[in-house]
>>> print(open('coords.cif').read())   # mmCIF, C-alpha atoms
data_work
#
loop_
_atom_site.group_PDB
_atom_site.id
_atom_site.type_symbol
_atom_site.label_atom_id
_atom_site.label_comp_id
_atom_site.auth_asym_id
_atom_site.auth_seq_id
_atom_site.Cartn_x
_atom_site.Cartn_y
_atom_site.Cartn_z
ATOM 1 C CA MET A 290 6.899 6.004 35.452
ATOM 2 C CA LYS A 291 8.998 5.032 38.479
ATOM 3 C CA ILE A 292 12.163 3.037 37.782
ATOM 4 C CA THR A 293 13.794 1.091 40.595
ATOM 5 C CA ILE A 294 17.089 -0.710 40.178
ATOM 6 C CA MET A 295 17.947 -3.215 42.872
ATOM 7 C CA ASP A 296 21.146 -5.107 43.584
ATOM 8 C CA CYS A 297 21.031 -8.698 42.448
ATOM 9 C CA PRO A 298 22.475 -11.312 44.868
ATOM 10 C CA GLU A 299 25.489 -13.285 43.659
ATOM 11 C CA GLY A 300 24.497 -16.368 41.656
ATOM 12 C CA GLU A 301 21.005 -15.146 40.765
ATOM 13 C CA GLU A 302 20.023 -14.356 37.192
ATOM 14 C CA ASP A 303 19.352 -10.707 36.288
ATOM 15 C CA GLU A 304 15.607 -10.094 36.355
ATOM 16 C CA ILE A 305 13.283 -7.310 35.248
ATOM 17 C CA ILE A 306 9.906 -7.134 36.989
ATOM 18 C CA ILE A 307 7.233 -4.920 35.464
ATOM 19 C CA LYS A 308 4.578 -3.663 37.858
ATOM 20 C CA CYS A 309 1.668 -2.094 36.026
ATOM 21 C CA ARG A 310 -2.123 -1.877 36.021
ATOM 22 C CA GLN A 311 -2.514 -2.836 32.393
ATOM 23 C CA VAL A 312 -0.238 -4.307 29.741
ATOM 24 C CA ASP A 313 -0.997 -1.935 26.893
ATOM 25 C CA GLU A 314 0.601 -1.751 23.444
ATOM 26 C CA GLN A 315 3.283 0.675 24.586
ATOM 27 C CA MET A 316 4.210 -1.645 27.419
ATOM 28 C CA LEU A 317 4.362 -4.633 25.067
ATOM 29 C CA LYS A 318 6.614 -2.672 22.754
ATOM 30 C CA MET A 319 8.907 -1.841 25.659
ATOM 31 C CA ILE A 320 9.080 -5.512 26.634
ATOM 32 C CA HIS A 321 9.904 -6.479 23.049
ATOM 33 C CA THR A 322 12.567 -3.789 22.861
ATOM 34 C CA MET A 323 14.161 -5.056 26.076
ATOM 35 C CA LYS A 324 14.075 -8.621 24.804
ATOM 36 C CA MET A 325 15.409 -7.613 21.416
ATOM 37 C CA GLY A 326 18.227 -5.669 23.005
ATOM 38 C CA ARG A 327 19.727 -8.960 24.100
ATOM 39 C CA GLU A 328 18.599 -11.235 21.304
ATOM 40 C CA LYS A 329 20.741 -11.456 18.232
ATOM 41 C CA ILE A 330 19.970 -12.879 14.850
ATOM 42 C CA ILE A 331 22.453 -15.294 13.365
ATOM 43 C CA GLY A 332 23.456 -14.379 9.849
ATOM 44 C CA THR A 333 25.842 -16.203 7.542
ATOM 45 C CA LYS A 334 27.934 -14.835 4.716
ATOM 46 C CA ASP A 335 30.646 -16.635 2.749
ATOM 47 C CA GLY A 336 30.772 -19.377 5.373
ATOM 48 C CA SER A 337 31.295 -17.011 8.304
ATOM 49 C CA ILE A 338 28.683 -16.651 11.036
ATOM 50 C CA MET A 339 27.737 -13.295 12.542
ATOM 51 C CA GLN A 340 25.534 -12.324 15.463
ATOM 52 C CA ILE A 341 23.492 -9.336 14.302
ATOM 53 C CA ASP A 342 21.675 -6.818 16.436
ATOM 54 C CA PRO A 343 18.068 -6.590 15.050
ATOM 55 C CA GLY A 344 18.247 -2.801 15.350
ATOM 56 C CA GLN A 345 20.859 -2.786 12.589
ATOM 57 C CA ILE A 346 18.668 -4.679 10.139
ATOM 58 C CA TYR A 347 16.992 -2.632 7.389
ATOM 59 C CA TYR A 348 14.837 -5.425 6.024
ATOM 60 C CA PHE A 349 14.442 -9.167 5.503
ATOM 61 C CA GLU A 350 13.770 -10.551 2.064
ATOM 62 C CA ALA A 351 12.842 -14.046 0.900
ATOM 63 C CA VAL A 352 14.349 -15.028 -2.440
ATOM 64 C CA ASP A 353 13.960 -18.552 -3.860
ATOM 65 C CA ASN A 354 13.141 -20.093 -0.466
ATOM 66 C CA ARG A 355 16.145 -18.443 1.165
ATOM 67 C CA VAL A 356 15.847 -15.502 3.545
ATOM 68 C CA PHE A 357 18.351 -12.669 3.546
ATOM 69 C CA LEU A 358 18.757 -9.806 5.950
ATOM 70 C CA TYR A 359 20.004 -6.468 4.750
ATOM 71 C CA LEU A 360 22.153 -4.169 6.864
ATOM 72 C CA GLN A 361 23.350 -0.746 5.796
ATOM 73 C CA LYS A 362 25.768 -2.265 3.284
ATOM 74 C CA GLU A 363 26.091 -5.986 3.954
ATOM 75 C CA VAL A 364 23.682 -8.814 3.173
ATOM 76 C CA TYR A 365 23.537 -11.978 5.290
ATOM 77 C CA GLU A 366 21.496 -15.132 4.961
ATOM 78 C CA THR A 367 19.439 -16.341 7.883
ATOM 79 C CA LYS A 368 18.002 -19.782 8.566
ATOM 80 C CA TYR A 369 14.671 -18.373 9.757
ATOM 81 C CA LYS A 370 11.599 -18.383 7.541
ATOM 82 C CA LEU A 371 9.883 -15.070 6.903
ATOM 83 C CA TYR A 372 6.778 -16.055 8.910
ATOM 84 C CA GLU A 373 9.017 -17.041 11.858
ATOM 85 C CA LEU A 374 10.709 -13.640 11.734
ATOM 86 C CA GLU A 375 7.333 -11.937 11.480
ATOM 87 C CA GLU A 376 6.211 -13.792 14.605
ATOM 88 C CA ARG A 377 9.482 -13.174 16.416
ATOM 89 C CA PHE A 378 9.433 -9.435 15.770
ATOM 90 C CA ARG A 379 5.719 -8.906 16.283
ATOM 91 C CA GLY A 380 5.098 -5.669 18.185
ATOM 92 C CA THR A 381 8.509 -4.240 17.279
ATOM 93 C CA ASP A 382 9.617 -1.875 14.510
ATOM 94 C CA PHE A 383 9.413 -4.670 11.965
ATOM 95 C CA PHE A 384 6.342 -5.143 9.779
ATOM 96 C CA ARG A 385 5.365 -7.178 6.735
ATOM 97 C CA ALA A 386 5.631 -5.006 3.623
ATOM 98 C CA SER A 387 4.931 -7.675 0.998
ATOM 99 C CA LYS A 388 4.821 -11.441 0.649
ATOM 100 C CA SER A 389 8.600 -11.541 0.472
ATOM 101 C CA VAL A 390 9.716 -8.580 2.604
ATOM 102 C CA ILE A 391 9.696 -7.553 6.274
ATOM 103 C CA LEU A 392 10.746 -3.927 6.773
ATOM 104 C CA ASN A 393 12.232 -2.092 9.730
ATOM 105 C CA LEU A 394 10.126 1.033 10.284
ATOM 106 C CA SER A 395 12.963 2.868 11.986
ATOM 107 C CA LYS A 396 15.132 2.504 8.885
ATOM 108 C CA ILE A 397 12.679 4.096 6.457
ATOM 109 C CA LYS A 398 13.645 7.567 5.286
ATOM 110 C CA ASN A 399 10.359 8.382 3.569
ATOM 111 C CA LEU A 400 7.401 6.920 1.708
ATOM 112 C CA THR A 401 6.125 7.808 -1.739
ATOM 113 C CA PRO A 402 3.097 6.510 -3.650
ATOM 114 C CA ALA A 403 3.795 3.940 -6.348
ATOM 115 C CA LEU A 404 1.223 2.993 -8.976
ATOM 116 C CA GLY A 405 -1.920 1.022 -8.077
ATOM 117 C CA GLY A 406 -2.236 1.755 -4.354
ATOM 118 C CA ARG A 407 1.262 0.632 -3.510
ATOM 119 C CA PHE A 408 3.932 2.679 -1.739
ATOM 120 C CA GLU A 409 7.668 2.807 -2.106
ATOM 121 C CA ALA A 410 9.838 3.021 0.986
ATOM 122 C CA ALA A 411 13.116 4.840 0.523
ATOM 123 C CA MET A 412 15.457 3.327 3.086
ATOM 124 C CA LYS A 413 18.106 5.281 4.973
ATOM 125 C CA ASN A 414 20.817 3.317 3.138
ATOM 126 C CA GLY A 415 19.497 4.518 -0.231
ATOM 127 C CA GLU A 416 17.660 1.319 -1.210
ATOM 128 C CA LYS A 417 14.034 1.381 -2.313
ATOM 129 C CA VAL A 418 11.532 -1.277 -1.262
ATOM 130 C CA LEU A 419 7.939 -1.664 -2.470
ATOM 131 C CA ILE A 420 5.082 -2.009 -0.004
ATOM 132 C CA SER A 421 2.236 -4.055 -1.503
ATOM 133 C CA ARG A 422 -1.284 -2.686 -1.556
ATOM 134 C CA GLN A 423 -2.542 -5.452 0.747
ATOM 135 C CA TYR A 424 0.052 -4.590 3.439
ATOM 136 C CA VAL A 425 -0.431 -0.802 3.354
ATOM 137 C CA PRO A 426 -3.238 -0.972 5.994
ATOM 138 C CA ILE A 427 -0.799 -2.741 8.373
ATOM 139 C CA LEU A 428 1.707 0.087 7.959
ATOM 140 C CA LYS A 429 -0.996 2.709 8.430
ATOM 141 C CA GLU A 430 -2.163 0.986 11.596
ATOM 142 C CA LYS A 431 1.413 0.783 12.864
ATOM 143 C CA LEU A 432 1.765 4.522 12.342
ATOM 144 C CA GLY A 433 -1.545 5.153 14.100
ATOM 145 C CA LEU A 434 -3.457 6.284 11.004
ATOM 146 C CA MET B 9 -12.232 -6.606 2.311
ATOM 147 C CA ASN B 10 -9.802 -3.857 1.276
ATOM 148 C CA ARG B 11 -10.234 -4.901 -2.339
ATOM 149 C CA ILE B 12 -14.020 -4.515 -2.079
ATOM 150 C CA LYS B 13 -13.602 -1.118 -0.396
ATOM 151 C CA SER B 14 -11.197 -0.041 -3.097
ATOM 152 C CA PHE B 15 -13.588 -1.267 -5.802
ATOM 153 C CA LEU B 16 -16.539 0.586 -4.244
ATOM 154 C CA HIS B 17 -14.448 3.747 -3.975
ATOM 155 C CA CYS B 18 -13.544 3.412 -7.658
ATOM 156 C CA TYR B 19 -17.177 2.694 -8.627
ATOM 157 C CA VAL B 20 -18.482 5.787 -6.808
ATOM 158 C CA CYS B 21 -15.811 7.960 -8.489
ATOM 159 C CA VAL B 22 -16.557 6.531 -11.947
ATOM 160 C CA MET B 23 -20.331 6.812 -11.497
ATOM 161 C CA SER B 24 -20.025 10.483 -10.430
ATOM 162 C CA CYS B 25 -17.835 11.282 -13.425
ATOM 163 C CA VAL B 26 -20.085 9.331 -15.826
ATOM 164 C CA THR B 27 -23.090 11.326 -14.560
ATOM 165 C CA LEU B 28 -21.219 14.574 -15.180
ATOM 166 C CA ALA B 29 -19.988 13.414 -18.610
ATOM 167 C CA THR B 30 -23.519 12.313 -19.612
ATOM 168 C CA ALA B 31 -24.895 15.708 -18.641
ATOM 169 C CA VAL B 32 -22.182 17.444 -20.714
ATOM 170 C CA PHE B 33 -22.698 15.131 -23.722
ATOM 171 C CA ILE B 34 -26.475 15.550 -23.731
ATOM 172 C CA THR B 35 -26.250 19.316 -23.254
ATOM 173 C CA VAL B 36 -23.794 19.674 -26.141
ATOM 174 C CA PHE B 37 -25.109 17.155 -28.662
ATOM 175 C CA MET B 38 -28.793 16.521 -27.961
ATOM 176 C CA PRO B 39 -30.267 19.283 -25.768
ATOM 177 C CA GLU B 40 -33.820 18.638 -26.988
ATOM 178 C CA VAL B 41 -33.919 14.898 -26.358
ATOM 179 C CA VAL B 42 -36.176 13.319 -23.715
ATOM 180 C CA LEU B 43 -34.528 10.358 -22.003
ATOM 181 C CA GLY B 44 -36.005 7.393 -20.169
ATOM 182 C CA VAL B 45 -35.036 5.903 -16.810
ATOM 183 C CA GLU B 46 -33.165 3.095 -18.601
ATOM 184 C CA LEU B 47 -30.284 5.542 -19.142
ATOM 185 C CA LEU B 48 -29.582 5.505 -15.400
ATOM 186 C CA TRP B 49 -29.344 1.691 -15.358
ATOM 187 C CA GLN B 50 -27.118 1.774 -18.444
ATOM 188 C CA MET B 51 -24.815 4.311 -16.751
ATOM 189 C CA MET B 52 -24.630 2.144 -13.631
ATOM 190 C CA LEU B 53 -23.790 -0.940 -15.691
ATOM 191 C CA VAL B 54 -21.068 0.841 -17.670
ATOM 192 C CA SER B 55 -19.607 2.370 -14.482
ATOM 193 C CA PHE B 56 -19.578 -1.087 -12.879
ATOM 194 C CA LEU B 57 -17.803 -2.643 -15.863
ATOM 195 C CA CYS B 58 -15.249 0.182 -15.961
ATOM 196 C CA SER B 59 -14.538 -0.158 -12.222
ATOM 197 C CA ILE B 60 -14.350 -3.943 -12.056
ATOM 198 C CA PHE B 61 -10.837 -3.919 -13.509
ATOM 199 C CA SER B 62 -9.626 -2.318 -10.251
ATOM 200 C CA LEU B 63 -10.209 -5.713 -8.608
ATOM 201 C CA PHE B 64 -7.487 -7.177 -10.815
ATOM 202 C CA TYR B 65 -4.771 -4.816 -9.626
ATOM 203 C CA PRO B 66 -2.557 -7.212 -7.661
ATOM 204 C CA GLY B 67 -2.167 -6.958 -3.894
ATOM 205 C CA LYS B 68 1.272 -8.573 -4.150
ATOM 206 C CA THR B 69 4.381 -6.782 -5.318
ATOM 207 C CA VAL B 70 4.743 -6.471 -9.071
ATOM 208 C CA SER B 71 7.283 -4.555 -11.109
ATOM 209 C CA LYS B 72 6.610 -0.997 -12.254
ATOM 210 C CA LYS B 73 6.544 -2.266 -15.837
ATOM 211 C CA LYS B 74 3.821 -4.829 -15.085
ATOM 212 C CA MET B 75 1.787 -2.242 -13.180
ATOM 213 C CA ALA B 76 2.071 0.216 -16.090
ATOM 214 C CA LEU B 77 0.933 -2.577 -18.427
ATOM 215 C CA LEU B 78 -2.096 -3.278 -16.197
ATOM 216 C CA ILE B 79 -3.028 0.407 -16.216
ATOM 217 C CA ALA B 80 -2.706 0.451 -20.018
ATOM 218 C CA LEU B 81 -4.989 -2.606 -20.230
ATOM 219 C CA HIS B 82 -7.484 -0.882 -17.930
ATOM 220 C CA TYR B 83 -7.374 2.167 -20.209
ATOM 221 C CA VAL B 84 -8.150 0.003 -23.259
ATOM 222 C CA GLU B 85 -10.880 -1.863 -21.361
ATOM 223 C CA VAL B 86 -12.577 1.402 -20.353
ATOM 224 C CA HIS B 87 -12.582 2.584 -23.985
ATOM 225 C CA GLY B 88 -13.940 -0.752 -25.186
ATOM 226 C CA VAL B 89 -16.704 -0.861 -22.574
ATOM 227 C CA VAL B 90 -17.876 2.754 -22.993
ATOM 228 C CA LEU B 91 -17.727 2.820 -26.792
ATOM 229 C CA GLY B 92 -19.141 -0.712 -27.134
ATOM 230 C CA PHE B 93 -22.044 -0.258 -24.741
ATOM 231 C CA GLY B 94 -22.536 3.340 -25.877
ATOM 232 C CA PHE B 95 -23.031 2.048 -29.415
ATOM 233 C CA LEU B 96 -25.249 -0.812 -28.193
ATOM 234 C CA PHE B 97 -27.432 1.568 -26.146
ATOM 235 C CA SER B 98 -27.448 4.166 -28.984
ATOM 236 C CA TRP B 99 -25.792 6.843 -26.840
ATOM 237 C CA PHE B 100 -24.071 8.171 -29.935
ATOM 238 C CA SER B 101 -23.976 7.701 -33.680
ATOM 239 C CA ILE B 102 -20.806 6.020 -34.897
ATOM 240 C CA GLU B 103 -21.259 7.706 -38.293
ATOM 241 C CA TYR B 104 -21.357 11.202 -36.830
ATOM 242 C CA LEU B 105 -17.710 12.122 -36.145
ATOM 243 C CA PRO B 106 -18.346 14.897 -33.551
ATOM 244 C CA HIS B 107 -20.228 12.302 -31.426
ATOM 245 C CA VAL B 108 -17.304 9.874 -31.530
ATOM 246 C CA ILE B 109 -14.767 12.621 -30.800
ATOM 247 C CA GLY B 110 -16.958 13.938 -27.983
ATOM 248 C CA MET B 111 -17.173 10.458 -26.455
ATOM 249 C CA LEU B 112 -13.396 9.962 -26.705
ATOM 250 C CA ILE B 113 -12.720 13.347 -25.086
ATOM 251 C CA LEU B 114 -15.092 12.523 -22.221
ATOM 252 C CA ILE B 115 -13.688 8.999 -21.690
ATOM 253 C CA ASN B 116 -10.114 10.290 -21.604
ATOM 254 C CA GLY B 117 -11.129 13.236 -19.442
ATOM 255 C CA ILE B 118 -12.768 10.934 -16.880
ATOM 256 C CA PHE B 119 -9.853 8.488 -16.936
ATOM 257 C CA LEU B 120 -7.367 11.311 -16.352
ATOM 258 C CA LEU B 121 -9.518 12.958 -13.692
ATOM 259 C CA ILE B 122 -9.964 9.735 -11.694
ATOM 260 C CA SER B 123 -6.271 8.875 -12.038
ATOM 261 C CA ALA B 124 -5.349 12.367 -10.807
ATOM 262 C CA VAL B 125 -7.778 12.148 -7.858
ATOM 263 C CA GLU B 126 -6.423 8.718 -6.940
ATOM 264 C CA TRP B 127 -2.801 9.902 -7.231
ATOM 265 C CA ASN B 128 -3.521 12.927 -5.030
ATOM 266 C CA ARG B 129 -5.243 10.717 -2.457
ATOM 267 C CA GLU B 130 -2.203 8.450 -2.315
ATOM 268 C CA LYS B 131 0.120 11.458 -2.102
ATOM 269 C CA GLU B 132 -1.901 12.737 0.851
ATOM 270 C CA ILE B 133 -1.718 9.306 2.545
ATOM 271 C CA ALA B 134 2.064 9.274 1.948
ATOM 272 C CA ARG B 135 2.330 12.768 3.432
ATOM 273 C CA GLN B 136 0.409 11.685 6.544
ATOM 274 C CA MET B 137 2.487 8.513 6.862
ATOM 275 C CA ASN B 138 5.738 10.469 6.499
ATOM 276 C CA ARG B 139 4.638 12.883 9.204
ATOM 277 C CA ARG B 140 3.779 10.013 11.574
ATOM 278 C CA LEU B 141 6.983 8.213 10.618
ATOM 279 C CA ALA B 142 9.073 11.271 11.522
ATOM 280 C CA GLU B 143 7.230 11.583 14.853
ATOM 281 C CA TYR B 144 7.665 7.882 15.511
ATOM 282 C CA GLN B 145 11.379 7.894 14.757
ATOM 283 C CA LYS B 146 11.858 11.014 16.870
ATOM 284 C CA SER B 147 10.099 9.362 19.836
ATOM 285 C CA VAL B 148 12.240 6.217 19.468
ATOM 286 C CA VAL B 149 15.455 8.284 19.492
ATOM 287 C CA GLN B 150 14.312 10.174 22.616
#
>>> encode(input="coords.cif", output="structure tokens")
Amino acid sequence: MKITIMDCPEGEEDEIIIKCRQVDEQMLKMIHTMKMGREKIIGTKDGSIMQIDPGQIYYFEAVDNRVFLYLQKEVYETKYKLYELEERFRGTDFFRASKSVILNLSKIKNLTPALGGRFEAAMKNGEKVLISRQYVPILKEKLGL
Amino acid sequence: MNRIKSFLHCYVCVMSCVTLATAVFITVFMPEVVLGVELLWQMMLVSFLCSIFSLFYPGKTVSKKKMALLIALHYVEVHGVVLGFGFLFSWFSIEYLPHVIGMLILINGIFLLISAVEWNREKEIARQMNRRLAEYQKSVVQ
């Protein structure tokens, strides 16, 4: 793939133009990654507000109508609903793992079978998250299986 | 759709094992007996009733304790169905202890065999997913 970087005239907004024959899944993923690189998620903790890089997030979890995002050690609350986050991160490393969890694929250390067709994801920070039976096909598809 | 696929997979496994178990039981306990075609329909019905519980395994996340409880209930249900219908269809004599013990050994054997097959299948899926996950994460880093 050819990459051309051009000077941007003073006063104009930075712009990325993609010239391709077909917008395939890989291309969409690249676009999402570029967009995500700049977008931050607002998280709150003890009254303080933080801008969080999505790449640092291990998973989102909904508990009692509140949504939390989990980093390596810290936990922040976010105002977004789980379905909004699912939509926002569609085509990225994030995928729905159960009704209450969205997982970051790049933060999974390994997967082991749990009982009844479910799988357990061991995260790189040592946490373990269950993947429901009904969402396993989504994960398999994401991994190209 | 996945639930139906999973149920059909379970039904085929149970039916295969029931066929094998029936052959063993008849060979051991009643080698001289001549059986009618109704036995096949009875086996299909019992296999169906033993597999139907798989539809009740929840798609949503449940605790390990609850899942273990569901498996225990399934185990009891399988025993109830096979022994109940076996008695109803006169597959064995409840007064003849070797028949009852033979049935129990076969039911437990099938339950263990299917559980082991299922566990190995899931282990293989996990192995494939872990391989693809490692490749995926490697490609993202590069």
>>> interface_residues(input="coords.cif", of="chain B", to="chain A", cutoff="10 Å", atoms="all atoms listed in the file", output="NGL selection string")
:B and (9-11 or 14 or 62 or 65-72 or 75-76 or 78-79 or 123 or 126-146 or 148-149)
>>> residues_around(input="coords.cif", residues="segment 327-331 of chain A", least_positions_apart="6", cutoff="8 Å", atoms="all atoms listed in the file", output="PDB file with C-alpha atoms, keeping the file's coordinate frame")
ATOM      1  CA  ILE A 338      28.683 -16.651  11.036  1.00  0.00           C
ATOM      2  CA  MET A 339      27.737 -13.295  12.542  1.00  0.00           C
ATOM      3  CA  GLN A 340      25.534 -12.324  15.463  1.00  0.00           C
ATOM      4  CA  ILE A 341      23.492  -9.336  14.302  1.00  0.00           C
ATOM      5  CA  ASP A 342      21.675  -6.818  16.436  1.00  0.00           C
ATOM      6  CA  PRO A 343      18.068  -6.590  15.050  1.00  0.00           C
ATOM      7  CA  THR A 367      19.439 -16.341   7.883  1.00  0.00           C
ATOM      8  CA  LYS A 368      18.002 -19.782   8.566  1.00  0.00           C
TER       9      LYS A 368
END
>>> residues_around(input="coords.cif", residues="Lys362 of chain A", least_positions_apart="2", cutoff="10 Å", atoms="all atoms listed in the file", output="CSV table (one decimal) with C-alpha atoms, in the coordinates of the input")
chain,number,residue,atom,x,y,z
A,347,TYR,CA,17.0,-2.6,7.4
A,359,TYR,CA,20.0,-6.5,4.8
A,360,LEU,CA,22.2,-4.2,6.9
A,364,VAL,CA,23.7,-8.8,3.2
A,414,ASN,CA,20.8,3.3,3.1
A,415,GLY,CA,19.5,4.5,-0.2
A,416,GLU,CA,17.7,1.3,-1.2
>>> residues_around(input="coords.cif", residues="Phe383 of chain A", least_positions_apart="4", cutoff="8 Å", atoms="only C-alpha atoms", output="list in words")
Glu375, Phe378, Arg379, Ile391, Leu392, Asn393 and Leu394 of chain A
>>> resolve_selection(input="coords.cif", expression="the PyMOL selection byres ((chain B and resi 85) around 12)", output="list in words")
Val54, Ser55, Leu57, Cys58, Ser59, Ile60, Phe61, Ser62, Leu78, Ile79, Ala80, Leu81, His82, Tyr83, Val84, Val86, His87, Gly88, Val89, Val90, Leu91, Gly92, Phe93, Ile115 and Phe119 of chain B
>>> residues_around(input="coords.cif", residues="segment 98-110 of chain B", least_positions_apart="3", cutoff="12 Å", atoms="all atoms listed in the file", output="list in words")
Ala29, Thr30, Val32, Phe33, Ile34, Thr35, Val36, Phe37, Met38, Val41, Leu43, Glu46, Leu47, Gln50, Met51, Val54, His87, Val90, Leu91, Gly92, Phe93, Gly94, Phe95, Ile113, Leu114, Ile115, Asn116 and Gly117 of chain B
>>> axis_aligned_box(input="coords.cif", around="segment 19-30 of chain B", padding_each_side="8 Å", output="lines of an AutoDock Vina configuration file")
center_x = -19.7
center_y = 8.6
center_z = -13.2
size_x = 23.7
size_y = 27.9
size_z = 28.8
>>> decode(input="coords.cif", residues="segment 104-115 of chain B", atoms="C-alpha atoms", output="short mmCIF file (atom, residue, chain, number, x, y, z; two decimals), in the first residue's frame")
data_model
loop_
_atom_site.label_atom_id
_atom_site.label_comp_id
_atom_site.auth_asym_id
_atom_site.auth_seq_id
_atom_site.Cartn_x
_atom_site.Cartn_y
_atom_site.Cartn_z
CA TYR B 104 -34.13 -58.18 38.73
CA LEU B 105 -31.19 -56.32 40.30
CA PRO B 106 -28.59 -57.02 37.55
CA HIS B 107 -30.98 -55.32 35.05
CA VAL B 108 -31.26 -52.20 37.21
CA ILE B 109 -27.51 -52.09 37.85
CA GLY B 110 -26.83 -52.63 34.15
CA MET B 111 -29.16 -49.76 33.25
CA LEU B 112 -27.53 -47.45 35.81
CA ILE B 113 -24.03 -48.30 34.54
CA LEU B 114 -25.10 -47.59 30.95
CA ILE B 115 -26.87 -44.31 31.82
#
